[in-house]
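Content type mmCIF, C-alpha atoms, from the file coords-v2.cif:
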```
data_target
loop_
_atom_site.label_atom_id
_atom_site.label_comp_id
_atom_site.auth_asym_id
_atom_site.auth_seq_id
_atom_site.Cartn_x
_atom_site.Cartn_y
_atom_site.Cartn_z
CA MET A 1 -75.43 70.01 -26.06
CA ALA A 2 -73.41 68.02 -28.58
CA GLY A 3 -70.75 67.64 -25.88
CA ALA A 4 -73.32 66.19 -23.49
CA LYS A 5 -74.44 63.65 -26.07
CA ARG A 6 -70.83 62.64 -26.63
CA GLU A 7 -70.26 62.15 -22.91
CA PHE A 8 -73.45 60.10 -22.63
CA LEU A 9 -72.23 57.78 -25.41
CA ARG A 10 -68.72 57.65 -23.96
CA GLY A 11 -70.16 56.54 -20.61
CA ALA A 12 -72.18 53.84 -22.31
CA ARG A 13 -69.20 52.68 -24.36
CA ASN A 14 -66.90 52.47 -21.33
CA ALA A 15 -69.38 50.08 -19.68
CA VAL A 16 -69.34 47.64 -22.61
CA PRO A 17 -66.37 45.50 -21.41
CA LEU A 18 -68.30 44.83 -18.19
CA PHE A 19 -71.28 43.35 -20.07
CA LEU A 20 -69.52 39.98 -20.07
CA GLY A 21 -69.93 39.78 -16.31
CA ILE A 22 -73.46 41.22 -16.28
CA VAL A 23 -75.18 38.99 -18.84
CA PRO A 24 -74.65 35.55 -17.19
CA PHE A 25 -75.61 37.01 -13.82
CA ALA A 26 -78.78 38.65 -15.21
CA VAL A 27 -79.76 35.42 -17.00
CA VAL A 28 -79.41 33.57 -13.69
CA VAL A 29 -81.66 36.15 -11.99
CA GLY A 30 -84.23 35.63 -14.78
CA VAL A 31 -84.11 31.86 -14.29
CA ALA A 32 -84.52 32.35 -10.53
CA ALA A 33 -87.53 34.63 -11.12
CA ARG A 34 -89.15 31.94 -13.24
CA GLU A 35 -88.40 29.28 -10.62
CA ALA A 36 -89.91 31.51 -7.93
CA GLY A 37 -93.19 31.30 -9.86
CA LEU A 38 -93.43 34.85 -11.23
CA ASP A 39 -95.76 35.33 -14.21
CA ALA A 40 -94.80 37.48 -17.20
CA ALA A 41 -96.28 40.71 -15.76
CA GLN A 42 -94.61 40.14 -12.39
CA GLY A 43 -91.30 39.31 -14.08
CA THR A 44 -91.52 42.54 -16.09
CA PHE A 45 -92.26 44.59 -12.98
CA PHE A 46 -89.47 42.85 -11.10
CA SER A 47 -86.86 43.59 -13.77
CA LEU A 48 -87.86 47.19 -14.51
CA SER A 49 -88.54 48.52 -11.01
CA MET A 50 -84.99 48.12 -9.69
CA ILE A 51 -81.43 47.20 -10.55
CA ALA A 52 -79.82 45.61 -7.53
CA GLY A 53 -77.82 42.51 -8.52
CA THR A 54 -77.39 40.09 -5.65
CA ALA A 55 -80.15 41.71 -3.59
CA GLN A 56 -82.60 41.19 -6.44
CA LEU A 57 -81.65 37.53 -6.69
CA ALA A 58 -81.86 36.95 -2.94
CA ALA A 59 -85.25 38.71 -2.79
CA VAL A 60 -86.83 36.68 -5.58
CA GLN A 61 -85.45 33.38 -4.25
CA LEU A 62 -86.71 34.11 -0.73
CA TYR A 63 -90.09 35.13 -2.16
CA GLY A 64 -90.29 31.85 -4.10
CA ALA A 65 -89.39 29.91 -0.96
CA GLY A 66 -92.32 31.51 0.87
CA ALA A 67 -90.36 33.86 3.11
CA SER A 68 -92.26 36.59 4.97
CA ALA A 69 -92.23 40.12 3.53
CA VAL A 70 -90.11 41.39 6.43
CA ILE A 71 -87.38 38.81 5.76
CA VAL A 72 -87.36 39.57 2.02
CA LEU A 73 -87.09 43.32 2.62
CA LEU A 74 -84.52 43.09 5.42
CA THR A 75 -82.26 40.67 3.55
CA ALA A 76 -82.31 42.71 0.34
CA MET A 77 -81.60 45.94 2.22
CA VAL A 78 -78.68 44.48 4.20
CA VAL A 79 -77.21 43.12 0.98
CA ASN A 80 -77.58 46.49 -0.72
CA LEU A 81 -76.23 48.79 1.96
CA ARG A 82 -73.06 49.17 -0.09
CA TYR A 83 -74.97 51.46 -2.45
CA SER A 84 -75.14 54.08 0.27
CA MET A 85 -71.33 54.09 0.14
CA TYR A 86 -71.48 54.66 -3.62
CA SER A 87 -73.94 57.49 -3.21
CA LEU A 88 -71.56 59.10 -0.73
CA SER A 89 -68.74 59.02 -3.29
CA LEU A 90 -70.96 60.30 -6.10
CA HIS A 91 -72.28 63.20 -4.07
CA ARG A 92 -69.55 65.61 -5.22
CA VAL A 93 -70.18 64.63 -8.86
CA LEU A 94 -73.87 65.53 -8.72
CA GLU A 95 -73.74 68.32 -6.14
CA GLU A 96 -75.06 71.05 -8.42
CA ARG A 97 -77.74 68.99 -10.15
CA SER A 98 -81.48 69.05 -9.48
CA PHE A 99 -83.16 66.65 -7.06
CA ILE A 100 -84.84 64.78 -9.93
CA GLU A 101 -81.55 64.29 -11.71
CA ARG A 102 -79.91 63.01 -8.53
CA LEU A 103 -82.85 60.66 -7.93
CA ARG A 104 -82.56 59.39 -11.48
CA ALA A 105 -78.84 58.78 -10.98
CA ALA A 106 -79.63 56.85 -7.77
CA PHE A 107 -82.28 54.68 -9.42
CA PHE A 108 -80.10 53.59 -12.35
CA LEU A 109 -76.89 53.24 -10.34
CA SER A 110 -75.17 49.85 -10.47
CA ASP A 111 -71.84 48.43 -9.31
CA GLN A 112 -70.61 48.56 -12.88
CA SER A 113 -71.61 52.15 -13.72
CA PHE A 114 -70.18 53.28 -10.39
CA VAL A 115 -66.80 51.70 -11.19
CA VAL A 116 -66.75 53.11 -14.73
CA THR A 117 -67.62 56.62 -13.51
CA MET A 118 -65.08 56.60 -10.68
CA THR A 119 -62.41 55.49 -13.18
CA GLU A 120 -63.39 58.40 -15.43
CA LEU A 121 -63.21 60.77 -12.45
CA GLU A 122 -59.64 59.62 -11.77
CA THR A 123 -58.39 59.74 -15.36
CA ASN A 124 -60.32 62.88 -16.32
CA PRO A 125 -60.85 64.96 -13.17
CA GLY A 126 -61.79 68.06 -15.15
CA ASN A 127 -64.76 66.47 -16.91
CA GLN A 128 -67.72 68.80 -16.33
CA SER A 129 -70.20 66.41 -17.97
CA LEU A 130 -69.61 63.57 -15.51
CA PRO A 131 -73.32 63.36 -14.53
CA VAL A 132 -74.21 62.72 -18.18
CA PHE A 133 -71.35 60.24 -18.44
CA LEU A 134 -72.70 58.46 -15.34
CA PHE A 135 -76.22 58.38 -16.80
CA GLY A 136 -74.90 56.94 -20.07
CA SER A 137 -73.05 54.09 -18.38
CA SER A 138 -75.89 53.43 -15.89
CA LEU A 139 -78.51 53.27 -18.64
CA ALA A 140 -76.37 50.94 -20.79
CA VAL A 141 -75.87 48.57 -17.83
CA PHE A 142 -79.58 48.77 -16.96
CA VAL A 143 -80.70 47.88 -20.49
CA VAL A 144 -78.32 44.90 -20.68
CA TRP A 145 -79.35 43.79 -17.17
CA VAL A 146 -83.07 43.87 -18.01
CA ALA A 147 -82.50 42.10 -21.34
CA GLY A 148 -80.52 39.38 -19.54
CA ILE A 149 -83.31 38.87 -16.98
CA PHE A 150 -85.86 38.52 -19.80
CA LEU A 151 -83.63 36.00 -21.57
CA GLY A 152 -83.26 33.95 -18.38
CA PHE A 153 -86.99 34.22 -17.72
CA ILE A 154 -87.71 32.73 -21.15
CA LEU A 155 -84.96 30.08 -20.87
CA GLY A 156 -86.22 29.11 -17.42
CA ALA A 157 -89.59 28.16 -18.92
CA VAL A 158 -88.08 26.18 -21.79
CA ILE A 159 -85.38 24.20 -19.99
CA PRO A 160 -86.67 21.12 -18.12
CA ALA A 161 -86.26 21.03 -14.33
CA GLY A 162 -84.28 17.76 -14.54
CA LEU A 163 -81.28 19.70 -15.85
CA SER A 164 -80.79 21.40 -12.44
CA LEU A 165 -80.23 24.77 -14.08
CA ASP A 166 -80.41 26.43 -10.65
CA PHE A 167 -76.90 25.07 -10.02
CA VAL A 168 -75.59 27.77 -12.39
CA ILE A 169 -76.32 30.34 -9.67
CA PRO A 170 -73.77 29.12 -7.07
CA LEU A 171 -71.26 28.44 -9.86
CA ALA A 172 -71.51 32.02 -11.14
CA PHE A 173 -71.22 33.31 -7.56
CA MET A 174 -68.05 31.29 -6.93
CA TYR A 175 -66.43 33.29 -9.69
CA LEU A 176 -67.72 36.57 -8.23
CA LEU A 177 -66.43 35.58 -4.77
CA ILE A 178 -62.77 35.23 -5.80
CA PRO A 179 -61.81 38.94 -5.73
CA HIS A 180 -63.19 39.16 -2.17
CA LEU A 181 -60.98 36.44 -0.70
CA GLY A 182 -58.07 38.78 0.11
CA GLY A 183 -57.15 39.04 3.81
CA ARG A 184 -57.46 36.62 6.69
CA ASP A 185 -60.51 38.47 8.04
CA ARG A 186 -62.50 38.05 4.82
CA GLN A 187 -61.51 34.39 4.55
CA VAL A 188 -62.95 33.95 8.05
CA THR A 189 -66.10 35.76 6.85
CA VAL A 190 -66.47 33.31 3.96
CA LEU A 191 -65.82 30.20 6.07
CA THR A 192 -68.21 31.16 8.87
CA GLY A 193 -70.75 32.29 6.26
CA ILE A 194 -70.59 28.86 4.62
CA VAL A 195 -70.94 26.96 7.90
CA ALA A 196 -73.68 29.24 9.25
CA SER A 197 -75.75 29.11 6.05
CA VAL A 198 -75.50 25.32 5.78
CA VAL A 199 -76.57 25.00 9.42
CA PHE A 200 -79.26 27.70 9.57
CA VAL A 201 -80.86 27.97 6.12
CA PRO A 202 -82.71 24.62 6.36
CA ARG A 203 -83.50 25.04 10.07
CA LEU A 204 -84.57 28.58 10.89
CA PRO A 205 -88.22 29.51 10.31
CA LEU A 206 -89.53 31.97 7.68
CA GLN A 207 -86.36 31.68 5.58
CA SER A 208 -84.51 33.86 8.07
CA GLY A 209 -81.45 31.57 7.88
CA LEU A 210 -79.85 33.51 5.02
CA LEU A 211 -80.03 36.81 6.88
CA VAL A 212 -78.67 35.22 10.10
CA ALA A 213 -75.80 33.59 8.18
CA ILE A 214 -74.91 36.89 6.48
CA PHE A 215 -74.73 38.65 9.85
CA ILE A 216 -72.62 35.86 11.37
CA GLY A 217 -70.22 36.10 8.42
CA ILE A 218 -69.95 39.91 8.63
CA GLY A 219 -69.64 39.83 12.42
CA SER A 220 -66.87 37.23 12.53
CA GLY A 221 -64.93 39.08 9.82
CA MET A 222 -65.20 42.33 11.78
CA VAL A 223 -64.02 40.63 14.99
CA VAL A 224 -61.01 39.05 13.27
CA GLY A 225 -60.31 42.30 11.41
CA ALA A 226 -60.39 44.37 14.60
CA PHE A 227 -58.22 41.84 16.41
CA SER A 228 -55.52 41.62 13.72
CA ARG A 229 -55.55 45.40 13.43
CA LYS A 230 -54.76 45.71 17.10
CA THR A 231 -52.02 43.08 17.13
CA LYS A 232 -50.27 44.03 13.90
CA SER A 233 -51.44 47.66 13.77
CA GLU A 234 -51.72 47.43 10.02
CA GLU A 235 -53.38 50.22 8.12
CA GLU A 236 -54.45 48.65 4.85
CA TRP A 237 -58.18 49.11 4.90
CA ALA A 238 -59.83 49.00 1.54
CA MET B 1 -101.32 41.44 -5.12
CA ARG B 2 -98.93 40.41 -2.37
CA PHE B 3 -96.16 40.25 -4.97
CA TYR B 4 -96.67 43.83 -6.16
CA LEU B 5 -96.91 45.22 -2.63
CA LEU B 6 -93.73 43.43 -1.61
CA PHE B 7 -91.62 44.20 -4.66
CA GLY B 8 -93.02 47.74 -4.91
CA SER B 9 -91.87 48.41 -1.35
CA LEU B 10 -88.56 46.76 -2.15
CA ALA B 11 -88.06 49.05 -5.15
CA VAL B 12 -88.74 52.11 -2.97
CA ALA B 13 -86.48 50.84 -0.16
CA LEU B 14 -83.61 50.24 -2.58
CA LEU B 15 -84.07 53.67 -4.14
CA ILE B 16 -83.84 55.24 -0.66
CA ILE B 17 -80.64 53.31 0.10
CA LYS B 18 -79.09 54.24 -3.24
CA GLY B 19 -80.08 57.88 -2.96
CA LEU B 20 -79.41 58.19 0.77
CA PHE B 21 -76.40 60.51 0.60
CA LEU B 22 -77.17 61.69 -2.92
CA CYS B 23 -80.69 63.04 -2.42
CA PHE B 24 -81.85 62.75 1.16
CA VAL B 25 -79.05 63.44 3.63
CA PRO B 26 -76.22 65.09 1.70
CA ASP B 27 -73.01 66.20 3.42
CA ARG B 28 -72.81 63.31 5.83
CA LYS B 29 -69.86 61.16 6.68
CA LEU B 30 -70.16 57.45 7.26
CA PRO B 31 -69.39 56.27 10.78
CA PRO B 32 -66.13 54.23 10.75
CA PHE B 33 -68.10 51.23 12.01
CA LEU B 34 -70.13 51.14 8.79
CA GLU B 35 -67.06 51.55 6.60
CA ARG B 36 -65.54 48.44 8.15
CA TYR B 37 -68.90 46.65 7.77
CA PHE B 38 -68.90 47.23 3.99
CA ARG B 39 -65.67 45.25 3.62
CA TYR B 40 -67.48 42.07 4.65
CA ILE B 41 -70.91 42.40 3.03
CA THR B 42 -70.13 40.93 -0.37
CA PRO B 43 -68.05 37.91 0.79
CA ALA B 44 -70.61 37.12 3.52
CA VAL B 45 -73.58 37.39 1.15
CA LEU B 46 -71.97 35.32 -1.60
CA ALA B 47 -70.81 32.60 0.83
CA ALA B 48 -74.28 32.36 2.37
CA LEU B 49 -75.94 32.19 -1.06
CA ILE B 50 -73.49 29.65 -2.51
CA ALA B 51 -73.16 27.11 0.30
CA PRO B 52 -76.79 25.93 0.78
CA SER B 53 -77.38 25.45 -2.94
CA VAL B 54 -74.17 23.39 -3.18
CA PHE B 55 -74.87 21.30 -0.07
CA TYR B 56 -78.56 20.65 -0.54
CA ALA B 57 -80.88 19.57 -3.32
CA GLY B 58 -84.66 19.83 -3.40
CA ASN B 59 -87.17 22.51 -2.64
CA PRO B 60 -86.72 24.72 0.45
CA ALA B 61 -89.40 22.77 2.32
CA GLY B 62 -87.51 19.48 2.04
CA LEU B 63 -83.76 20.00 1.63
CA GLU B 64 -81.50 16.99 1.67
CA VAL B 65 -77.71 16.72 1.50
CA SER B 66 -76.52 16.13 -2.08
CA PRO B 67 -73.08 14.51 -2.53
CA LYS B 68 -73.34 15.11 -6.29
CA ARG B 69 -73.76 18.85 -5.93
CA LEU B 70 -71.07 18.99 -3.26
CA THR B 71 -68.53 17.19 -5.47
CA ALA B 72 -69.36 19.22 -8.58
CA GLY B 73 -69.35 22.46 -6.55
CA LEU B 74 -65.98 21.82 -4.89
CA VAL B 75 -64.29 20.93 -8.19
CA ALA B 76 -65.86 23.97 -9.89
CA PHE B 77 -64.60 26.23 -7.09
CA ILE B 78 -61.02 24.97 -7.56
CA VAL B 79 -61.44 25.51 -11.31
CA ALA B 80 -62.71 29.04 -10.64
CA LEU B 81 -59.68 29.78 -8.46
CA VAL B 82 -57.25 28.46 -11.06
CA THR B 83 -58.79 29.73 -14.32
CA ARG B 84 -60.59 32.89 -13.06
CA ASN B 85 -63.00 32.35 -15.93
CA ILE B 86 -66.75 32.41 -15.34
CA LEU B 87 -67.70 30.32 -18.39
CA ILE B 88 -65.19 27.52 -17.70
CA THR B 89 -66.36 27.45 -14.07
CA ILE B 90 -70.04 27.12 -15.01
CA VAL B 91 -69.42 24.52 -17.73
CA THR B 92 -67.20 22.40 -15.42
CA GLY B 93 -69.75 22.43 -12.60
CA MET B 94 -72.77 21.67 -14.80
CA VAL B 95 -71.07 18.90 -16.79
CA LEU B 96 -69.86 17.26 -13.56
CA LEU B 97 -73.32 17.48 -12.00
CA TRP B 98 -74.97 15.99 -15.09
CA GLY B 99 -72.27 13.29 -15.36
CA LEU B 100 -72.62 12.27 -11.71
CA SER B 101 -76.42 12.21 -12.06
CA CYS B 102 -76.17 9.89 -15.07
CA LEU B 103 -73.73 7.56 -13.27
CA SER B 104 -75.89 7.19 -10.19
CA ILE B 105 -79.08 6.29 -12.10
#
```
This structure in structure tokens:
Amino acid sequence: MAGAKREFLRGARNAVPLFLGIVPFAVVVGVAAREAGLDAAQGTFFSLSMIAGTAQLAAVQLYGAGASAVIVLLTAMVVNLRYSMYSLSLHRVLEERSFIERLRAAFFLSDQSFVVTMTELETNPGNQSLPVFLFGSSLAVFVVWVAGIFLGFILGAVIPAGLSLDFVIPLAFMYLLIPHLGGRDRQVTVLTGIVASVVFVPRLPLQSGLLVAIFIGIGSGMVVGAFSRKTKSEEEWA
Amino acid sequence: MRFYLLFGSLAVALLIIKGLFLCFVPDRKLPPFLERYFRYITPAVLAALIAPSVFYAGNPAGLEVSPKRLTAGLVAFIVALVTRNILITIVTGMVLLWGLSCLSI
């Protein structure tokens, strides 16, 4: 049991360097929740009932803008489909564990704890306590994420609207976008996504513009990707 | 009440997505179509979230084009590309936006 505790703490410790990227993002989500008009109880529910990064931000912004429930749910789910890919990779790690333990792992899973755990799996393939390691890193990220949302929620109430604090959100996202600019196909995705969102977000009803723009971006990237694959027959798919 | 219904369902939906292959349908392989789709989700989502809030100012009901935000956003993006530093990017963009707002008043 002492070994399990050690692995739990090691998982948490390995996630610490990633906190630098989590805190500003979580603060921004907290500010957005305040701007969407959530009260303290709603903000608490919002931050504790899920950990979903961009999807959480998109959902709360759409809600604040008066989007219909279907649009909020659909947009958040499309944004978060990548987690099903994570759960596919983690399946072999948690194969022998109980349903409850696997469900717990799914609930607390984040981009960051996934990366930390996959790194551990590569460097330490024999680690039998990987599920505990995963839980340690997931819980550490979750606690920091929730704390950051609370901080942003409080700051959002204190800082006057004239300071345009909402502009921090696109600025933080510009930084997050940089690692995804590799490859002509993804550059096309970004450019069409920009054009489509600028055209459709103010014009389509029920705040469906964001969802439409995301699909146009993904679709054009896939078309360009498939085309360049055929012409150059490259096999470099990440 | 609408809030709790909506975000409660969202929490459940996200848990199902996260646990899909972990708890509910283990031993499945992703169709190749979906694997290619994943490559584009994050850039598409970020682009679509960034662009409108850089182009437009105001509430969603009455958006208008904002040259101040556009200028500050473009400069901040170049800074982000060059420095790869989140804090410098945010500070540059905010200071520019505030500066331009002061100048135009």
Residues of chain B within 8 Å of chain A, counting only C-alpha atoms, what are they? List them as a tab-separated table (two decimals) with C-alpha atoms, keeping the file's coordinate frame.
```tsv
chain	number	residue	atom	x	y	z
B	3	PHE	CA	-96.16	40.25	-4.97
B	4	TYR	CA	-96.67	43.83	-6.16
B	6	LEU	CA	-93.73	43.43	-1.61
B	7	PHE	CA	-91.62	44.20	-4.66
B	8	GLY	CA	-93.02	47.74	-4.91
B	10	LEU	CA	-88.56	46.76	-2.15
B	11	ALA	CA	-88.06	49.05	-5.15
B	13	ALA	CA	-86.48	50.84	-0.16
B	14	LEU	CA	-83.61	50.24	-2.58
B	15	LEU	CA	-84.07	53.67	-4.14
B	17	ILE	CA	-80.64	53.31	0.10
B	18	LYS	CA	-79.09	54.24	-3.24
B	19	GLY	CA	-80.08	57.88	-2.96
B	20	LEU	CA	-79.41	58.19	0.77
B	21	PHE	CA	-76.40	60.51	0.60
B	22	LEU	CA	-77.17	61.69	-2.92
B	23	CYS	CA	-80.69	63.04	-2.42
B	26	PRO	CA	-76.22	65.09	1.70
B	28	ARG	CA	-72.81	63.31	5.83
B	29	LYS	CA	-69.86	61.16	6.68
B	30	LEU	CA	-70.16	57.45	7.26
B	36	ARG	CA	-65.54	48.44	8.15
B	37	TYR	CA	-68.90	46.65	7.77
B	38	PHE	CA	-68.90	47.23	3.99
B	39	ARG	CA	-65.67	45.25	3.62
B	40	TYR	CA	-67.48	42.07	4.65
B	41	ILE	CA	-70.91	42.40	3.03
B	42	THR	CA	-70.13	40.93	-0.37
B	43	PRO	CA	-68.05	37.91	0.79
B	44	ALA	CA	-70.61	37.12	3.52
B	45	VAL	CA	-73.58	37.39	1.15
B	46	LEU	CA	-71.97	35.32	-1.60
B	47	ALA	CA	-70.81	32.60	0.83
B	48	ALA	CA	-74.28	32.36	2.37
B	49	LEU	CA	-75.94	32.19	-1.06
B	50	ILE	CA	-73.49	29.65	-2.51
B	51	ALA	CA	-73.16	27.11	0.30
B	52	PRO	CA	-76.79	25.93	0.78
B	53	SER	CA	-77.38	25.45	-2.94
B	54	VAL	CA	-74.17	23.39	-3.18
B	55	PHE	CA	-74.87	21.30	-0.07
B	59	ASN	CA	-87.17	22.51	-2.64
B	60	PRO	CA	-86.72	24.72	0.45
B	61	ALA	CA	-89.40	22.77	2.32
B	63	LEU	CA	-83.76	20.00	1.63
B	73	GLY	CA	-69.35	22.46	-6.55
B	76	ALA	CA	-65.86	23.97	-9.89
B	77	PHE	CA	-64.60	26.23	-7.09
B	80	ALA	CA	-62.71	29.04	-10.64
B	81	LEU	CA	-59.68	29.78	-8.46
B	84	ARG	CA	-60.59	32.89	-13.06
B	85	ASN	CA	-63.00	32.35	-15.93
B	86	ILE	CA	-66.75	32.41	-15.34
B	89	THR	CA	-66.36	27.45	-14.07
B	90	ILE	CA	-70.04	27.12	-15.01
B	93	GLY	CA	-69.75	22.43	-12.60
B	94	MET	CA	-72.77	21.67	-14.80
B	98	TRP	CA	-74.97	15.99	-15.09
```
Q: Go through B:Tyr56, B:Val12, B:Thr92, B:Pro67 one by one, measure the shortest atom-to-atom distance of each to Ser104 in chain B using only C-alpha atoms, and give the residue with the smallest value.
A: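 With only C-alpha atoms as the atom set, the closest residue is B:Pro67.
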Q.
If I take CA of Trp145 in chain A and CA of Ala57 in chain B, how far is one from the other in Å, to one decimal?
A.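 Straight-line distance from CA of Trp145 in chain A to CA of Ala57 in chain B works out to 27.9 Å.
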Q: Work out how far apart CA of Ala41 in chain A and CA of Val29 in chain A are and give it in Å to one decimal.
A: 15.8 Å
Shell of 7 Å around Ala72 in chain B, all atoms listed in the file, local chain residues under 3 positions omitted, as a CSV table (one decimal) with C-alpha atoms, keeping the file's coordinate frame:
```csv
chain,number,residue,atom,x,y,z
B,68,LYS,CA,-73.3,15.1,-6.3
B,69,ARG,CA,-73.8,18.8,-5.9
B,75,VAL,CA,-64.3,20.9,-8.2
B,76,ALA,CA,-65.9,24.0,-9.9
B,93,GLY,CA,-69.8,22.4,-12.6
B,96,LEU,CA,-69.9,17.3,-13.6
B,97,LEU,CA,-73.3,17.5,-12.0
```
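Rounded to one decimal, CA of Glu35 in chain A and CA of Gly53 in chain A lie 17.1 Å from each other.
Restricting the calculation to only C-alpha atoms, the smallest distance between Ser47 in chain A and any of A:Val132, A:Val31, A:Val116, A:Ala147 is found for A:Ala147.
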Q: Show which residues sit within 12 Å of Ile154 in chain A, as an MDAnalysis selection string. Count all atoms listed in the file, and ignore same-chain residues fewer than 4 positions away.
A: chainID A and resid 27:35 38:40 43:44 147:150 158:159
Can I get the selected residues back with C-alpha atoms, as a CSV table (one decimal), in the frame of the given file?
```csv
chain,number,residue,atom,x,y,z
A,27,VAL,CA,-79.8,35.4,-17.0
A,28,VAL,CA,-79.4,33.6,-13.7
A,29,VAL,CA,-81.7,36.2,-12.0
A,30,GLY,CA,-84.2,35.6,-14.8
A,31,VAL,CA,-84.1,31.9,-14.3
A,32,ALA,CA,-84.5,32.4,-10.5
A,33,ALA,CA,-87.5,34.6,-11.1
A,34,ARG,CA,-89.2,31.9,-13.2
A,35,GLU,CA,-88.4,29.3,-10.6
A,38,LEU,CA,-93.4,34.8,-11.2
A,39,ASP,CA,-95.8,35.3,-14.2
A,40,ALA,CA,-94.8,37.5,-17.2
A,43,GLY,CA,-91.3,39.3,-14.1
A,44,THR,CA,-91.5,42.5,-16.1
A,147,ALA,CA,-82.5,42.1,-21.3
A,148,GLY,CA,-80.5,39.4,-19.5
A,149,ILE,CA,-83.3,38.9,-17.0
A,150,PHE,CA,-85.9,38.5,-19.8
A,158,VAL,CA,-88.1,26.2,-21.8
A,159,ILE,CA,-85.4,24.2,-20.0
```
Q) Do you know which residues are at most 8 Å from Arg10 in chain A counting all atoms listed in the file, after dropping those on the same chain fewer than 4 positions away, and could you put them as a list in words? A)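 Here the qualifying residues turn out to be Arg6, Asn14, Phe133, Gly136 and Ser137 of chain A.
Distance check against Met118 in chain A using all atoms listed in the file: of A:Ala15, A:Ala67, A:Leu204, A:Ala140, the minimum falls on A:Ala15.
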